[in-house]
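Below: query27.txt (compact mmCIF, C-alpha atoms)
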# COMPACT_ATOMS: atom_id res chain seq x y z
CA MET J 11 -75.07 -66.40 41.54
CA SER J 12 -72.88 -64.58 44.07
CA ALA J 13 -71.18 -67.79 45.22
CA THR J 14 -70.51 -68.78 41.61
CA THR J 15 -69.04 -65.35 40.85
CA ASP J 16 -66.81 -65.41 43.94
CA ALA J 17 -65.63 -68.91 43.07
CA ALA J 18 -64.83 -67.82 39.53
CA ARG J 19 -62.84 -64.88 40.80
CA THR J 20 -60.95 -67.08 43.20
CA ALA J 21 -60.17 -69.59 40.50
CA ALA J 22 -59.20 -66.97 37.94
CA PRO J 23 -55.43 -66.86 37.38
CA THR J 24 -53.69 -63.69 38.40
CA ASN J 25 -50.53 -62.09 37.10
CA PRO J 26 -48.23 -61.62 40.12
CA LEU J 27 -46.23 -58.87 38.42
CA GLY J 28 -49.36 -57.02 37.32
CA GLN J 29 -50.87 -57.29 40.78
CA SER J 30 -47.65 -56.02 42.36
CA VAL J 31 -47.61 -52.98 40.03
CA ARG J 32 -51.30 -52.21 40.68
CA ASP J 33 -50.94 -52.56 44.46
CA SER J 34 -47.79 -50.41 44.46
CA LEU J 35 -49.54 -47.65 42.50
CA VAL J 36 -52.47 -47.71 44.93
CA ILE J 37 -50.12 -47.27 47.88
CA ALA J 38 -48.16 -44.56 46.04
CA ARG J 39 -51.41 -42.70 45.33
CA ARG J 40 -52.38 -42.94 48.99
CA ASN J 41 -49.05 -41.43 50.07
CA LEU J 42 -49.20 -38.66 47.46
CA ILE J 43 -52.70 -37.69 48.60
CA ARG J 44 -51.41 -37.61 52.18
CA MET J 45 -48.59 -35.28 51.11
CA THR J 46 -51.05 -32.84 49.53
CA ARG J 47 -53.00 -32.75 52.79
CA ILE J 48 -49.85 -31.95 54.76
CA PRO J 49 -48.22 -29.30 52.52
CA GLU J 50 -45.69 -28.32 55.18
CA MET J 51 -43.96 -31.67 54.54
CA VAL J 52 -43.18 -30.59 50.99
CA LEU J 53 -42.48 -26.98 52.01
CA PHE J 54 -39.88 -27.84 54.63
CA GLY J 55 -38.37 -30.40 52.26
CA VAL J 56 -37.78 -27.58 49.75
CA ILE J 57 -36.57 -24.92 52.19
CA GLN J 58 -33.62 -26.92 53.54
CA PRO J 59 -31.82 -27.53 50.21
CA VAL J 60 -32.51 -23.94 49.14
CA MET J 61 -30.74 -22.79 52.31
CA PHE J 62 -27.78 -25.03 51.45
CA VAL J 63 -27.57 -23.48 47.98
CA VAL J 64 -27.58 -19.93 49.32
CA LEU J 65 -25.21 -20.58 52.24
CA PHE J 66 -22.61 -22.58 50.31
CA THR J 67 -22.75 -20.21 47.34
CA TYR J 68 -22.30 -16.96 49.22
CA VAL J 69 -20.47 -18.09 52.38
CA PHE J 70 -17.93 -20.51 50.90
CA GLY J 71 -17.77 -19.12 47.38
CA GLY J 72 -14.42 -17.41 46.88
CA SER J 73 -12.69 -19.36 49.66
CA MET J 74 -12.79 -22.82 48.10
CA LYS J 75 -10.04 -23.74 45.66
CA ILE J 76 -11.18 -25.70 42.62
CA GLY J 77 -8.27 -26.65 40.40
CA ASN J 78 -6.01 -23.60 40.45
CA THR J 79 -8.62 -20.95 41.12
CA THR J 80 -10.80 -19.62 43.91
CA ASP J 81 -13.16 -17.88 41.49
CA PRO J 82 -16.63 -17.94 43.15
CA ASP J 83 -18.32 -18.55 39.80
CA VAL J 84 -16.22 -21.67 39.24
CA TYR J 85 -17.07 -22.96 42.71
CA LYS J 86 -20.74 -22.17 42.16
CA ASN J 87 -20.90 -24.40 39.09
CA PHE J 88 -18.76 -27.04 40.81
CA LEU J 89 -21.04 -27.03 43.87
CA MET J 90 -24.50 -27.49 42.38
CA ALA J 91 -24.18 -31.16 41.41
CA GLY J 92 -23.17 -31.88 45.01
CA ILE J 93 -26.13 -29.94 46.41
CA PHE J 94 -28.51 -31.74 44.06
CA ALA J 95 -27.14 -35.13 45.10
CA GLN J 96 -27.25 -34.23 48.78
CA THR J 97 -30.89 -33.20 48.43
CA VAL J 98 -32.04 -36.47 46.88
CA THR J 99 -30.17 -38.57 49.45
CA PHE J 100 -31.46 -36.60 52.44
CA ALA J 101 -34.97 -37.69 51.41
CA THR J 102 -33.97 -40.97 53.06
CA ALA J 103 -34.85 -39.56 56.48
CA GLY J 104 -38.39 -38.74 55.34
CA SER J 105 -38.89 -42.25 53.98
CA ALA J 106 -37.65 -43.81 57.22
CA ALA J 107 -39.86 -41.57 59.39
CA GLY J 108 -42.94 -42.14 57.24
CA ILE J 109 -42.67 -45.92 57.33
CA ALA J 110 -41.92 -45.91 61.06
CA ASP J 111 -45.00 -43.74 61.62
CA ASP J 112 -47.19 -46.16 59.65
CA MET J 113 -45.73 -49.04 61.66
CA GLN J 114 -46.43 -47.31 64.97
CA LYS J 115 -50.05 -46.57 64.02
CA GLY J 116 -50.63 -50.16 62.93
CA LEU J 117 -51.35 -49.20 59.34
CA VAL J 118 -48.70 -51.51 57.95
CA ASP J 119 -50.22 -54.43 59.84
CA ARG J 120 -53.59 -53.71 58.25
CA PHE J 121 -51.93 -53.70 54.84
CA ARG J 122 -50.25 -57.00 55.63
CA SER J 123 -53.63 -58.56 56.38
CA LEU J 124 -54.90 -57.71 52.88
CA PRO J 125 -54.45 -59.92 49.79
CA MET J 126 -51.82 -57.72 48.22
CA ALA J 127 -48.26 -58.13 46.95
CA ARG J 128 -45.74 -58.30 49.79
CA GLY J 129 -43.45 -55.57 48.51
CA ALA J 130 -46.23 -53.23 47.32
CA VAL J 131 -46.43 -51.21 50.55
CA LEU J 132 -42.74 -50.40 50.47
CA THR J 133 -42.55 -49.93 46.70
CA GLY J 134 -45.54 -47.58 46.77
CA ARG J 135 -43.98 -45.57 49.57
CA THR J 136 -40.63 -45.22 47.79
CA VAL J 137 -42.32 -44.24 44.51
CA ALA J 138 -44.31 -41.52 46.30
CA ASP J 139 -41.11 -40.26 47.93
CA LEU J 140 -39.46 -40.24 44.50
CA VAL J 141 -42.21 -37.95 43.17
CA GLN J 142 -41.72 -35.58 46.11
CA THR J 143 -37.95 -35.64 45.54
CA ALA J 144 -38.45 -34.78 41.85
CA ILE J 145 -40.57 -31.76 42.80
CA THR J 146 -37.93 -30.61 45.28
CA LEU J 147 -35.18 -31.09 42.69
CA LEU J 148 -37.10 -29.00 40.15
CA VAL J 149 -37.49 -26.12 42.61
CA LEU J 150 -33.84 -26.41 43.60
CA ALA J 151 -32.69 -26.28 39.97
CA ILE J 152 -34.67 -23.06 39.46
CA VAL J 153 -33.07 -21.53 42.57
CA ALA J 154 -29.63 -22.63 41.33
CA LEU J 155 -30.24 -20.87 38.02
CA ILE J 156 -31.29 -17.73 39.89
CA VAL J 157 -28.05 -17.62 41.93
CA GLY J 158 -25.94 -18.10 38.80
CA TRP J 159 -25.50 -21.81 38.10
CA ARG J 160 -25.15 -22.53 34.40
CA THR J 161 -24.85 -25.79 32.48
CA GLY J 162 -22.04 -25.93 29.93
CA SER J 163 -19.87 -23.59 31.99
CA ALA J 164 -16.75 -25.73 31.41
CA GLU J 165 -17.65 -28.01 28.50
CA PRO J 166 -20.43 -27.98 25.88
CA THR J 167 -23.51 -30.03 26.78
CA ASN J 168 -27.00 -30.62 25.43
CA LEU J 169 -30.52 -31.14 26.74
CA GLY J 170 -30.28 -34.92 26.58
CA GLN J 171 -27.18 -34.94 28.77
CA ILE J 172 -28.74 -32.53 31.26
CA LEU J 173 -31.87 -34.70 31.55
CA ALA J 174 -29.66 -37.77 31.95
CA GLY J 175 -27.88 -36.03 34.84
CA PHE J 176 -31.16 -35.39 36.64
CA ALA J 177 -32.24 -38.98 35.92
CA LEU J 178 -29.08 -40.25 37.66
CA LEU J 179 -29.88 -38.03 40.64
CA LEU J 180 -33.40 -39.45 40.90
CA LEU J 181 -32.05 -43.00 40.55
CA LEU J 182 -29.64 -42.36 43.43
CA GLY J 183 -32.43 -40.83 45.50
CA TYR J 184 -34.68 -43.82 44.83
CA ALA J 185 -31.89 -46.20 45.83
CA PHE J 186 -31.35 -44.37 49.11
CA THR J 187 -35.07 -44.41 49.95
CA TRP J 188 -34.81 -48.19 50.17
CA ILE J 189 -32.15 -47.74 52.84
CA GLY J 190 -34.63 -45.43 54.58
CA ALA J 191 -37.35 -48.07 54.26
CA LEU J 192 -35.16 -50.63 56.00
CA ILE J 193 -34.33 -48.16 58.78
CA GLY J 194 -38.01 -47.27 59.23
CA LEU J 195 -38.90 -50.94 59.64
CA SER J 196 -36.06 -51.52 62.11
CA VAL J 197 -36.82 -48.83 64.71
CA ARG J 198 -39.76 -48.28 67.05
CA THR J 199 -40.59 -44.60 66.64
CA PRO J 200 -40.64 -41.97 63.86
CA GLU J 201 -38.23 -39.85 65.92
CA ALA J 202 -35.68 -42.65 66.00
CA ALA J 203 -36.21 -43.22 62.28
CA THR J 204 -35.53 -39.55 61.53
CA SER J 205 -32.27 -39.62 63.49
CA GLY J 206 -31.24 -43.00 62.13
CA GLY J 207 -32.16 -41.97 58.62
CA ILE J 208 -29.98 -38.88 58.52
CA ILE J 209 -27.01 -39.29 60.87
CA TRP J 210 -25.13 -41.73 58.59
CA LEU J 211 -25.69 -39.45 55.59
CA PHE J 212 -23.30 -36.78 56.89
CA PRO J 213 -20.10 -38.82 56.40
CA VAL J 214 -21.46 -40.19 53.11
CA THR J 215 -22.13 -36.73 51.66
CA PHE J 216 -19.20 -34.81 53.15
CA VAL J 217 -16.48 -37.44 52.67
CA SER J 218 -16.95 -37.06 48.94
CA ASN J 219 -16.23 -34.71 46.05
CA ALA J 220 -19.53 -32.88 46.52
CA PHE J 221 -18.27 -29.72 48.21
CA VAL J 222 -14.48 -29.82 47.88
CA ASP J 223 -11.92 -31.00 45.34
CA SER J 224 -11.05 -34.51 46.55
CA SER J 225 -7.52 -34.16 45.13
CA GLN J 226 -6.76 -31.86 48.07
CA MET J 227 -7.63 -34.56 50.63
CA THR J 228 -5.09 -36.80 52.34
CA PRO J 229 -4.45 -39.97 50.24
CA TRP J 230 -6.44 -42.41 52.40
CA LEU J 231 -9.43 -40.07 52.67
CA ARG J 232 -9.29 -39.30 48.95
CA HIS J 233 -9.45 -43.03 48.21
CA ILE J 234 -12.60 -43.37 50.31
CA ALA J 235 -14.17 -40.31 48.68
CA GLU J 236 -13.46 -41.53 45.16
CA TRP J 237 -15.08 -44.93 45.77
CA ASN J 238 -18.06 -43.40 47.54
CA PRO J 239 -21.27 -44.13 45.52
CA PHE J 240 -22.36 -40.58 46.23
CA SER J 241 -19.17 -39.18 44.62
CA ALA J 242 -19.77 -41.20 41.45
CA THR J 243 -23.18 -39.61 40.91
CA VAL J 244 -21.86 -36.13 41.67
CA GLN J 245 -18.99 -36.54 39.20
CA ALA J 246 -21.31 -38.00 36.56
CA CYS J 247 -23.66 -35.03 36.90
CA ARG J 248 -20.80 -32.56 36.58
CA GLU J 249 -19.75 -34.22 33.33
CA LEU J 250 -23.31 -34.34 31.99
CA PHE J 251 -24.04 -30.76 33.06
CA GLY J 252 -20.77 -29.55 31.52
CA ASN J 253 -19.54 -28.09 34.81
CA ALA J 254 -16.02 -28.03 36.27
CA GLY J 255 -14.99 -31.31 37.86
CA VAL J 256 -12.29 -32.51 40.22
CA ALA J 257 -8.75 -33.32 39.14
CA GLN J 258 -8.21 -36.45 37.05
CA SER J 259 -8.06 -39.58 39.18
CA ASP J 260 -6.93 -43.15 38.58
CA ALA J 261 -9.95 -44.51 40.48
CA TRP J 262 -12.35 -46.35 38.14
CA PRO J 263 -15.52 -44.59 39.43
CA MET J 264 -13.99 -41.21 38.66
CA GLN J 265 -12.88 -42.28 35.17
CA HIS J 266 -16.29 -43.79 34.34
CA PRO J 267 -18.66 -41.91 36.67
CA VAL J 268 -21.87 -42.46 34.67
CA TRP J 269 -21.48 -46.22 34.62
CA ALA J 270 -20.30 -46.23 38.23
CA SER J 271 -23.33 -44.19 39.29
CA VAL J 272 -25.77 -46.57 37.58
CA ILE J 273 -24.04 -49.68 38.94
CA TRP J 274 -23.90 -48.35 42.51
CA SER J 275 -27.55 -47.25 42.48
CA VAL J 276 -28.87 -50.51 41.00
CA LEU J 277 -26.77 -52.51 43.48
CA ILE J 278 -28.11 -50.50 46.43
CA ILE J 279 -31.70 -51.01 45.23
CA ALA J 280 -31.20 -54.75 44.77
CA VAL J 281 -29.63 -55.27 48.19
CA PHE J 282 -31.75 -52.97 50.35
CA ARG J 283 -35.07 -53.74 48.65
CA THR J 284 -34.48 -57.41 49.37
CA LEU J 285 -33.59 -56.69 52.99
CA ALA J 286 -36.50 -54.28 53.46
CA VAL J 287 -39.13 -56.67 52.03
CA ARG J 288 -37.75 -59.47 54.18
CA LYS J 289 -37.90 -57.22 57.24
CA TYR J 290 -41.45 -56.17 56.31
CA ARG J 291 -42.60 -59.79 56.20
CA SER J 292 -41.25 -60.50 59.67
CA ALA J 293 -41.92 -57.11 61.32
CA ALA J 294 -43.83 -57.28 64.59
CA THR J 295 -46.42 -54.78 65.73
Structure rendered as structure tokens:
Amino acid sequence: MSATTDAARTAAPTNPLGQSVRDSLVIARRNLIRMTRIPEMVLFGVIQPVMFVVLFTYVFGGSMKIGNTTDPDVYKNFLMAGIFAQTVTFATAGSAAGIADDMQKGLVDRFRSLPMARGAVLTGRTVADLVQTAITLLVLAIVALIVGWRTGSAEPTNLGQILAGFALLLLLGYAFTWIGALIGLSVRTPEAATSGGIIWLFPVTFVSNAFVDSSQMTPWLRHIAEWNPFSATVQACRELFGNAGVAQSDAWPMQHPVWASVIWSVLIIAVFRTLAVRKYRSAAT
């Protein structure tokens, strides 16, 4: 009876897509449970962006020129989209360190020995990181409201547009976690993954329109900032949140930031998911 049952199960056709989704959700659940057992991971992930909000708001507010004014309230509303975007992209370091830690402990090799979808381990990890990023973003939005950030400060907006802005932020964060996954699979230790996962983010986030008006940059640097995928999401969120934006630019991503943000994020996911899954298949212990 047992042999017949096992043979039937073996012969039964399986849906590869359904199996991949189920396996990914199992891995995501495992990582979410692990996060709840190590609450300091979530706590420290929240504290850092909150510090950025407070420091940039009260230290730089009043000294940054946005358009033709240095009004701290204008800068405050200009700033928040950049802080939100920086927060979701900095989650990359956590993704890289987590995967590198699993690799070092041999957990990934045990997963690879199981009859599960090849990309499920990485997909589950990135989905769990996306949930943590969403929680962090929610807390950060509450802090931003407390310090004076308001949607619709420059142009009228509605709830649908505001939710769309946060959806673009989460899409960007999810895209960047795949870069973190590739980094985590490419290094030997979690410490190296943490460094490798964050050091390249500084030029990406600061050579952008996140914290300063890019129109005040030198021409060659402004060109880089305007075609930066990070800048497209920041500008799209400012438009959707109804906050003050940078000066009008001829660059296509700045004229169509919502579309540019979606295209950049989807392209990053497509490229780096492919590279990460390929690296996962060939990764050595």
Original post:
Which is closest to Val214 in chain J among J:Ile279, J:Leu181, J:Ala95, J:Ala270, if we use only C-alpha atoms?
Top reply: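 Of the candidates, the smallest distance to Val214 in chain J is held by J:Ala95.
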Within 12 Å of range 73-85 of chain J, which residues of range 142-207 of chain J come that close, and what is the closest atom pair and distance in Å for each? Count all atoms listed in the file and give it as a Markdown table.
| residue | atom | partner | partner_atom | distance |
| --- | --- | --- | --- | --- |
| J:Val157 | CA | J:Asp83 | CA | 10.0 |
| J:Gly158 | CA | J:Asp83 | CA | 7.7 |
| J:Trp159 | CA | J:Asp83 | CA | 8.1 |
| J:Arg160 | CA | J:Asp83 | CA | 9.6 |
| J:Thr161 | CA | J:Val84 | CA | 11.7 |
| J:Gly162 | CA | J:Val84 | CA | 11.8 |
| J:Ser163 | CA | J:Val84 | CA | 8.3 |
| J:Ala164 | CA | J:Val84 | CA | 8.8 |
Subject >> Straight-line distance linking CA of Gly207 in chain J with CA of Gly183 in chain J, stated in Å to one decimal >> reply: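 So the two atoms, CA of Gly207 in chain J and CA of Gly183 in chain J, lie 13.2 Å apart.
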Original post:
To one decimal place, how far is CA of Ala103 in chain J from CA of Gly190 in chain J in Å?
Top reply: 6.2 Å
Original post:
Got a sec to check which residues sit within 12 Å of (-39.3, -46.3, 56.5), counting only C-alpha atoms, and write them as a PyMOL selection string?
Top reply: chain J and resi 101-114+118+131-136+139+186-207+282-283+286-287+289-290
Original post:
From the set J:Asn253, J:Asn25, J:Thr228, J:Ser123, which residue has the shortest atom-to-atom contact distance to Ile172 in chain J, counting all atoms listed in the file?
Top reply: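 Of J:Asn253, J:Asn25, J:Thr228, J:Ser123, the one nearest Ile172 in chain J is J:Asn253, counting all atoms listed in the file.
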Write out as a JSON list (two decimals) with C-alpha atoms, in the frame of the given file each polymer residue whose atoms come within 9 Å of Val60 in chain J, counting all atoms listed in the file; drop sequence neighbours fewer than 5 positions from it.
[["chain", "number", "residue", "atom", "x", "y", "z"],
["J", 65, "LEU", "CA", -25.21, -20.58, 52.24],
["J", 149, "VAL", "CA", -37.49, -26.12, 42.61],
["J", 150, "LEU", "CA", -33.84, -26.41, 43.60],
["J", 153, "VAL", "CA", -33.07, -21.53, 42.57],
["J", 154, "ALA", "CA", -29.63, -22.63, 41.33]]
**OP:** Measure the distance from CA of Ser218 in chain J to CA of Ser241 in chain J in Å and round it to one decimal.
**Re:**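 If I compute the distance from CA of Ser218 in chain J to CA of Ser241 in chain J, I get 5.3 Å.
You can rank J:Ile273, J:Val98, J:Val141, J:Leu178 by their closest distance to Leu211 in chain J using all atoms listed in the file, and at the top of that list sits J:Val98.
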**OP:** Name the residues in contact with Phe94 in chain J at a cut-off of 9 Å, using all atoms listed in the file, excluding same-chain residues fewer than 6 positions from it; report them as a PyMOL selection string.
**Re:** chain J and resi 59+147+150-151+176+179+244
Original post:
Quick one: residues within 10 Å of Gln171 in chain J, all atoms listed in the file counted, chain neighbours fewer than 5 positions away excluded, as a list in words?
Top reply: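 Close residues of Gln171 in chain J: Phe176, Ala177, Cys247, Glu249, Leu250, Phe251 and Gly252 of chain J.
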Original post:
Which of these, J:Leu35, J:Ala91, J:Ala242, J:Met51, has the shortest distance to Trp269 in chain J once you count only C-alpha atoms?
Top reply: J:Ala242
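With all atoms listed in the file as the basis for measurement, J:Ala127 is the residue among J:Ala127, J:Ile48, J:Ala144, J:Val63 that approaches Val36 in chain J most closely.
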Original post:
For Thr243 in chain J, which of J:Phe216, J:Tyr184, J:Trp262, J:Trp274 is the closest residue, counting all atoms listed in the file?
Top reply: J:Trp274
Original post:
Got a sec: who's within 10 Å of Arg39 in chain J, counting all atoms listed in the file, leaving out chain neighbours fewer than 4 positions off, as number ranges by chain?
Top reply: J: 33-35, 43-45, 134-135, 137-138
Since the input is missing atoms for range 68-85 of chain J, could you rebuild it with N, CA, C and O atoms and give the result as a PDB file, keeping the file's coordinate frame?
ATOM      1  N   TYR J  68     -22.737 -18.290  48.816  1.00  0.00           N
ATOM      2  CA  TYR J  68     -22.300 -16.960  49.220  1.00  0.00           C
ATOM      3  C   TYR J  68     -21.367 -16.953  50.436  1.00  0.00           C
ATOM      4  O   TYR J  68     -20.644 -15.984  50.645  1.00  0.00           O
ATOM      5  N   VAL J  69     -21.369 -18.039  51.226  1.00  0.00           N
ATOM      6  CA  VAL J  69     -20.470 -18.090  52.380  1.00  0.00           C
ATOM      7  C   VAL J  69     -19.124 -18.706  51.995  1.00  0.00           C
ATOM      8  O   VAL J  69     -18.062 -18.181  52.327  1.00  0.00           O
ATOM      9  N   PHE J  70     -19.157 -19.816  51.245  1.00  0.00           N
ATOM     10  CA  PHE J  70     -17.930 -20.510  50.900  1.00  0.00           C
ATOM     11  C   PHE J  70     -17.390 -20.109  49.528  1.00  0.00           C
ATOM     12  O   PHE J  70     -16.217 -20.353  49.231  1.00  0.00           O
ATOM     13  N   GLY J  71     -18.231 -19.550  48.682  1.00  0.00           N
ATOM     14  CA  GLY J  71     -17.770 -19.120  47.380  1.00  0.00           C
ATOM     15  C   GLY J  71     -16.659 -18.095  47.490  1.00  0.00           C
ATOM     16  O   GLY J  71     -16.765 -17.125  48.242  1.00  0.00           O
ATOM     17  N   GLY J  72     -15.572 -18.316  46.810  1.00  0.00           N
ATOM     18  CA  GLY J  72     -14.420 -17.410  46.880  1.00  0.00           C
ATOM     19  C   GLY J  72     -13.349 -17.879  47.833  1.00  0.00           C
ATOM     20  O   GLY J  72     -12.216 -17.392  47.776  1.00  0.00           O
ATOM     21  N   SER J  73     -13.694 -18.834  48.729  1.00  0.00           N
ATOM     22  CA  SER J  73     -12.690 -19.360  49.660  1.00  0.00           C
ATOM     23  C   SER J  73     -12.311 -20.791  49.340  1.00  0.00           C
ATOM     24  O   SER J  73     -11.318 -21.300  49.863  1.00  0.00           O
ATOM     25  N   MET J  74     -13.075 -21.445  48.491  1.00  0.00           N
ATOM     26  CA  MET J  74     -12.790 -22.820  48.100  1.00  0.00           C
ATOM     27  C   MET J  74     -11.953 -22.838  46.824  1.00  0.00           C
ATOM     28  O   MET J  74     -12.276 -22.145  45.858  1.00  0.00           O
ATOM     29  N   LYS J  75     -10.906 -23.649  46.823  1.00  0.00           N
ATOM     30  CA  LYS J  75     -10.040 -23.740  45.660  1.00  0.00           C
ATOM     31  C   LYS J  75     -10.431 -24.935  44.810  1.00  0.00           C
ATOM     32  O   LYS J  75     -10.426 -26.077  45.267  1.00  0.00           O
ATOM     33  N   ILE J  76     -10.818 -24.659  43.582  1.00  0.00           N
ATOM     34  CA  ILE J  76     -11.180 -25.700  42.620  1.00  0.00           C
ATOM     35  C   ILE J  76     -10.164 -25.639  41.485  1.00  0.00           C
ATOM     36  O   ILE J  76     -10.087 -24.637  40.767  1.00  0.00           O
ATOM     37  N   GLY J  77      -9.363 -26.699  41.362  1.00  0.00           N
ATOM     38  CA  GLY J  77      -8.270 -26.650  40.400  1.00  0.00           C
ATOM     39  C   GLY J  77      -7.227 -25.655  40.870  1.00  0.00           C
ATOM     40  O   GLY J  77      -6.677 -25.779  41.955  1.00  0.00           O
ATOM     41  N   ASN J  78      -6.991 -24.622  40.093  1.00  0.00           N
ATOM     42  CA  ASN J  78      -6.010 -23.600  40.450  1.00  0.00           C
ATOM     43  C   ASN J  78      -6.647 -22.241  40.696  1.00  0.00           C
ATOM     44  O   ASN J  78      -5.963 -21.224  40.664  1.00  0.00           O
ATOM     45  N   THR J  79      -7.944 -22.234  40.952  1.00  0.00           N
ATOM     46  CA  THR J  79      -8.620 -20.950  41.120  1.00  0.00           C
ATOM     47  C   THR J  79      -9.576 -20.969  42.294  1.00  0.00           C
ATOM     48  O   THR J  79     -10.083 -22.022  42.698  1.00  0.00           O
ATOM     49  N   THR J  80      -9.797 -19.794  42.864  1.00  0.00           N
ATOM     50  CA  THR J  80     -10.800 -19.620  43.910  1.00  0.00           C
ATOM     51  C   THR J  80     -11.942 -18.736  43.406  1.00  0.00           C
ATOM     52  O   THR J  80     -12.663 -18.137  44.202  1.00  0.00           O
ATOM     53  N   ASP J  81     -12.090 -18.662  42.105  1.00  0.00           N
ATOM     54  CA  ASP J  81     -13.160 -17.880  41.490  1.00  0.00           C
ATOM     55  C   ASP J  81     -14.517 -18.372  42.002  1.00  0.00           C
ATOM     56  O   ASP J  81     -14.851 -19.549  41.854  1.00  0.00           O
ATOM     57  N   PRO J  82     -15.334 -17.502  42.614  1.00  0.00           N
ATOM     58  CA  PRO J  82     -16.630 -17.940  43.150  1.00  0.00           C
ATOM     59  C   PRO J  82     -17.563 -18.491  42.090  1.00  0.00           C
ATOM     60  O   PRO J  82     -18.377 -19.356  42.388  1.00  0.00           O
ATOM     61  N   ASP J  83     -17.459 -18.025  40.853  1.00  0.00           N
ATOM     62  CA  ASP J  83     -18.320 -18.550  39.800  1.00  0.00           C
ATOM     63  C   ASP J  83     -17.956 -19.997  39.453  1.00  0.00           C
ATOM     64  O   ASP J  83     -18.831 -20.826  39.170  1.00  0.00           O
ATOM     65  N   VAL J  84     -16.663 -20.301  39.489  1.00  0.00           N
ATOM     66  CA  VAL J  84     -16.220 -21.670  39.240  1.00  0.00           C
ATOM     67  C   VAL J  84     -16.725 -22.587  40.342  1.00  0.00           C
ATOM     68  O   VAL J  84     -17.234 -23.688  40.089  1.00  0.00           O
ATOM     69  N   TYR J  85     -16.598 -22.135  41.587  1.00  0.00           N
ATOM     70  CA  TYR J  85     -17.070 -22.960  42.710  1.00  0.00           C
ATOM     71  C   TYR J  85     -18.581 -23.135  42.661  1.00  0.00           C
ATOM     72  O   TYR J  85     -19.104 -24.204  42.990  1.00  0.00           O
TER      73      TYR J  85
END
